[in-house]
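Structure data (CSV, C-alpha atoms) from target26.csv:
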chain,number,residue,atom,x,y,z
A,16,MET,CA,2.5,-181.8,-168.5
A,17,LEU,CA,0.6,-182.5,-165.4
A,18,ASN,CA,-1.2,-179.5,-163.8
A,19,GLY,CA,1.1,-177.2,-165.8
A,20,THR,CA,4.3,-179.0,-164.7
A,21,PRO,CA,6.5,-181.0,-167.1
A,22,ILE,CA,6.7,-184.5,-165.7
A,23,GLY,CA,9.4,-186.0,-167.9
A,24,PHE,CA,11.1,-186.4,-171.2
A,25,PHE,CA,11.3,-189.9,-172.5
A,26,SER,CA,13.8,-191.3,-175.0
A,27,LYS,CA,14.0,-194.9,-175.8
A,28,GLU,CA,15.7,-197.2,-178.3
A,29,GLN,CA,13.0,-198.9,-180.3
A,30,SER,CA,13.1,-202.7,-180.2
A,31,THR,CA,11.9,-203.0,-183.9
A,32,VAL,CA,13.7,-201.8,-187.0
A,33,GLU,CA,11.4,-199.9,-189.2
A,34,THR,CA,12.0,-199.0,-192.8
A,35,ALA,CA,9.6,-196.1,-192.8
A,36,THR,CA,8.7,-193.3,-190.3
A,37,TYR,CA,5.1,-194.4,-190.2
A,38,GLY,CA,6.0,-197.7,-188.4
A,39,SER,CA,8.5,-196.0,-186.0
A,40,GLU,CA,6.0,-193.2,-185.2
A,41,PHE,CA,3.4,-195.9,-184.3
A,42,VAL,CA,6.0,-197.6,-182.0
A,43,ALA,CA,6.6,-194.3,-180.3
A,44,THR,CA,2.9,-193.5,-180.1
A,45,GLN,CA,2.1,-196.8,-178.4
A,46,THR,CA,4.9,-196.1,-175.9
A,47,TYR,CA,3.3,-192.7,-175.1
A,48,VAL,CA,-0.1,-194.3,-174.7
A,49,LYS,CA,1.3,-196.8,-172.2
A,50,GLN,CA,2.9,-194.0,-170.3
A,51,ILE,CA,-0.4,-192.0,-170.2
A,52,MET,CA,-2.3,-195.1,-169.0
A,53,ASP,CA,0.3,-195.7,-166.3
A,54,LEU,CA,0.3,-192.1,-165.1
A,55,GLN,CA,-3.5,-192.0,-164.9
A,56,GLN,CA,-3.5,-195.2,-162.9
A,57,THR,CA,-0.9,-194.0,-160.5
A,58,LEU,CA,-2.8,-190.7,-160.0
A,59,ARG,CA,-6.0,-192.7,-159.3
A,60,TYR,CA,-4.1,-194.8,-156.7
A,61,LEU,CA,-3.0,-191.6,-155.0
A,62,GLY,CA,-6.6,-190.4,-154.9
A,63,VAL,CA,-6.4,-187.7,-157.6
A,64,PRO,CA,-9.6,-187.5,-159.6
A,65,ILE,CA,-9.0,-187.7,-163.4
A,66,LYS,CA,-11.4,-185.2,-165.1
A,67,GLY,CA,-11.7,-185.3,-168.9
A,68,GLN,CA,-9.2,-186.8,-171.3
A,69,SER,CA,-5.5,-186.5,-171.9
A,70,TYR,CA,-4.1,-184.8,-175.0
A,71,MET,CA,-1.4,-186.3,-177.1
A,72,PHE,CA,0.2,-184.4,-179.9
A,73,GLY,CA,1.9,-185.9,-182.9
A,74,ASP,CA,3.7,-184.3,-185.9
A,75,ASN,CA,3.1,-187.2,-188.3
A,76,GLU,CA,-0.3,-186.4,-189.8
A,77,CYS,CA,-0.8,-189.9,-191.3
A,78,VAL,CA,-0.3,-191.6,-187.9
A,79,VAL,CA,-2.7,-189.1,-186.2
A,80,ASN,CA,-5.4,-189.5,-188.8
A,81,SER,CA,-5.2,-193.3,-189.1
A,82,SER,CA,-5.3,-193.8,-185.3
A,83,SER,CA,-8.4,-191.6,-185.2
A,84,ARG,CA,-10.3,-193.4,-187.9
A,85,PRO,CA,-11.6,-197.0,-187.2
A,86,GLU,CA,-11.8,-197.8,-190.9
A,87,ALA,CA,-8.1,-197.3,-191.5
A,88,LYS,CA,-6.2,-200.1,-193.3
A,89,LEU,CA,-2.8,-201.4,-192.2
A,90,HIS,CA,-0.6,-203.7,-194.1
A,91,LYS,CA,2.0,-204.9,-191.5
A,92,GLY,CA,1.0,-207.2,-188.7
A,93,HIS,CA,3.1,-205.6,-185.9
A,94,VAL,CA,2.0,-202.1,-186.9
A,95,ALA,CA,-1.6,-203.3,-186.7
A,96,LEU,CA,-1.1,-204.4,-183.1
A,97,LEU,CA,0.3,-201.0,-182.2
A,98,PHE,CA,-2.5,-199.3,-184.0
A,99,HIS,CA,-5.1,-201.2,-182.0
A,100,ARG,CA,-3.6,-200.2,-178.7
A,101,VAL,CA,-3.6,-196.5,-179.7
A,102,ARG,CA,-7.1,-196.8,-181.4
A,103,GLU,CA,-8.5,-198.3,-178.2
A,104,ALA,CA,-7.3,-195.4,-176.1
A,105,VAL,CA,-8.8,-192.9,-178.6
A,106,ALA,CA,-12.1,-194.8,-179.0
A,107,CYS,CA,-12.7,-195.0,-175.2
A,108,ASN,CA,-12.1,-191.2,-174.9
A,109,MET,CA,-9.2,-191.7,-172.6
A,110,LEU,CA,-7.1,-189.5,-174.8
A,111,SER,CA,-7.3,-187.2,-177.8
A,112,PHE,CA,-4.6,-187.6,-180.5
A,113,ILE,CA,-4.1,-184.2,-182.2
A,114,HIS,CA,-1.8,-183.3,-185.1
A,115,ILE,CA,0.6,-180.5,-184.5
A,116,ASP,CA,3.1,-179.0,-187.0
A,117,GLY,CA,6.6,-180.2,-186.5
A,118,VAL,CA,7.9,-176.6,-186.2
A,119,LEU,CA,5.5,-176.0,-183.2
A,120,ASN,CA,6.2,-179.3,-181.5
A,121,PRO,CA,7.8,-178.7,-178.1
A,122,ALA,CA,9.0,-182.4,-178.0
A,123,ASP,CA,11.5,-181.5,-180.8
A,124,ILE,CA,13.3,-178.9,-178.6
A,125,LEU,CA,15.8,-181.5,-177.4
A,126,SER,CA,16.0,-183.6,-180.5
A,127,LYS,CA,16.3,-181.1,-183.4
A,128,HIS,CA,19.0,-178.6,-184.0
A,129,ARG,CA,17.5,-175.2,-184.1
A,130,GLY,CA,18.6,-171.7,-183.1
A,131,HIS,CA,17.5,-169.7,-180.1
A,132,GLN,CA,15.1,-167.6,-182.3
A,133,GLN,CA,13.1,-170.7,-183.2
A,134,ILE,CA,13.2,-172.5,-179.8
A,135,TRP,CA,12.5,-169.6,-177.4
A,136,PRO,CA,8.8,-169.0,-178.2
A,137,LEU,CA,8.1,-172.7,-177.6
A,138,LEU,CA,10.2,-172.8,-174.4
A,139,ARG,CA,8.8,-169.6,-173.1
A,140,THR,CA,5.2,-170.9,-173.2
A,141,LEU,CA,6.2,-174.0,-171.3
A,142,MET,CA,8.2,-172.3,-168.7
A,143,PHE,CA,6.4,-169.0,-168.1
A,144,TRP,CA,2.6,-169.3,-168.1
A,145,SER,CA,0.1,-167.3,-166.1
A,146,GLY,CA,-2.8,-168.5,-164.1
A,147,ASP,CA,-3.5,-170.6,-161.0
A,148,THR,CA,-3.7,-174.3,-161.5
A,149,ALA,CA,-6.0,-174.6,-158.5
A,150,ASP,CA,-8.6,-172.7,-160.4
A,151,GLN,CA,-10.6,-175.3,-162.3
A,152,GLU,CA,-13.9,-175.1,-164.0
A,153,GLU,CA,-16.4,-177.6,-162.6

Represent the supplied structure as structure tokens.
Amino acid sequence: MLNGTPIGFFSKEQSTVETATYGSEFVATQTYVKQIMDLQQTLRYLGVPIKGQSYMFGDNECVVNSSSRPEAKLHKGHVALLFHRVREAVACNMLSFIHIDGVLNPADILSKHRGHQQIWPLLRTLMFWSGDTADQEE
């Protein structure tokens, strides 16, 4: 979301085959980090000041915790490369990677089969929010 507006939904076939969700979640996380970096650079080119950090939410607690801790150990080489890209963004305070429960993850609205009763509270908060985005705290 950019200034309260959804800017896109991204779905991509991953180029590597992973046997565990940990590796595939890191592949996806690295893709998101690249998108955030690209969007921030584009906004800077357009003269939009970037204040503060971006927030990225993940529902895999192991991935979130290991990318937030510099002493985390990794056993596969290609996952280590992905880890360092994400860890660099977190370490330089460009973004904050926060764990969110899978039931509350709005990214799963389009990828998980759930009923209207479960989806509507998530969708309502994204579509109908109050306040003026021009009002910013300095």

Identify which of the residues A:Val48, A:Val63, A:Leu58, A:Val94 lies closest to Thr36 of chain A, counting all atoms listed in the file when measuring atom-to-atom distances.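 The answer is A:Val94, which sits nearest to Thr36 of chain A.
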
Smallest atom-to-atom distance to Ala122 of chain A: which of A:Leu96, A:Leu61, A:Leu141, A:Leu54, using all atoms listed in the file? A:Leu141

Test item: which residues lie within 12 Å of (12.9, -174.2, -186.5) counting only C-alpha atoms, as an NGL selection string: :A and (116-121 or 123-124 or 126-137)

Quote the spacing between atom CA of Ala43 of chain A and atom CA of Leu138 of chain A in Å to one decimal place.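 Atom CA of Leu138 of chain A lies at a distance of 22.6 Å from atom CA of Ala43 of chain A.
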
Would you mind telling me which residue in A:Leu125, A:Phe143, A:Ser83, A:Ile113 lies nearest to Arg100 of chain A when using only C-alpha atoms?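 Nearest candidate to Arg100 of chain A out of A:Leu125, A:Phe143, A:Ser83, A:Ile113: A:Ser83.
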
Work out how far apart atom CA of Glu76 of chain A and atom CA of Met52 of chain A are and give it in Å to one decimal. 22.6 Å

Between atom CA of Phe98 of chain A and atom CA of Ile115 of chain A - distance in Å to one decimal: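 Separating atom CA of Ile115 of chain A from atom CA of Phe98 of chain A is a distance of 19.1 Å.
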
Between A:Glu40, A:Ser81, A:Val105, A:Leu110, which one has atoms that come closest to Ile65 of chain A, using all atoms listed in the file?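 Among the listed residues, A:Leu110 lies closest to Ile65 of chain A.
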
Within 10 Å of Arg84 of chain A, counting only C-alpha atoms, which residues qualify if same-chain residues fewer than 3 places away don't, as a PyMOL selection string? chain A and resi 79-81+87-88+102+105-106

For each of A:Asn75, A:Arg59, A:Ile51, A:Leu97, take the minimum atom-to-atom distance to Ser111 of chain A, counting all atoms listed in the file, then give the residue where this is smallest.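 Closest to Ser111 of chain A of all the choices is A:Ile51.
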
Would you list the residues near (-8.6, -191.1, -172.3), meaning any protein, DNA or RNA residue with an atom at most 6 Å from that point in file coordinates, counting all atoms listed in the file, as a PyMOL selection string? chain A and resi 68-69+104+108-110

Serialized selection, C-alpha atoms, as a compact mmCIF listing (two decimals), keeping the file's coordinate frame:
# COMPACT_ATOMS: atom_id res chain seq x y z
CA GLN A 68 -9.20 -186.80 -171.30
CA SER A 69 -5.50 -186.50 -171.90
CA ALA A 104 -7.30 -195.40 -176.10
CA ASN A 108 -12.10 -191.20 -174.90
CA MET A 109 -9.20 -191.70 -172.60
CA LEU A 110 -7.10 -189.50 -174.80

A:Ala95, A:Phe112, A:Pro85, A:Gly67 ranked by distance to Thr44 of chain A, top pick (using all atoms listed in the file): A:Phe112
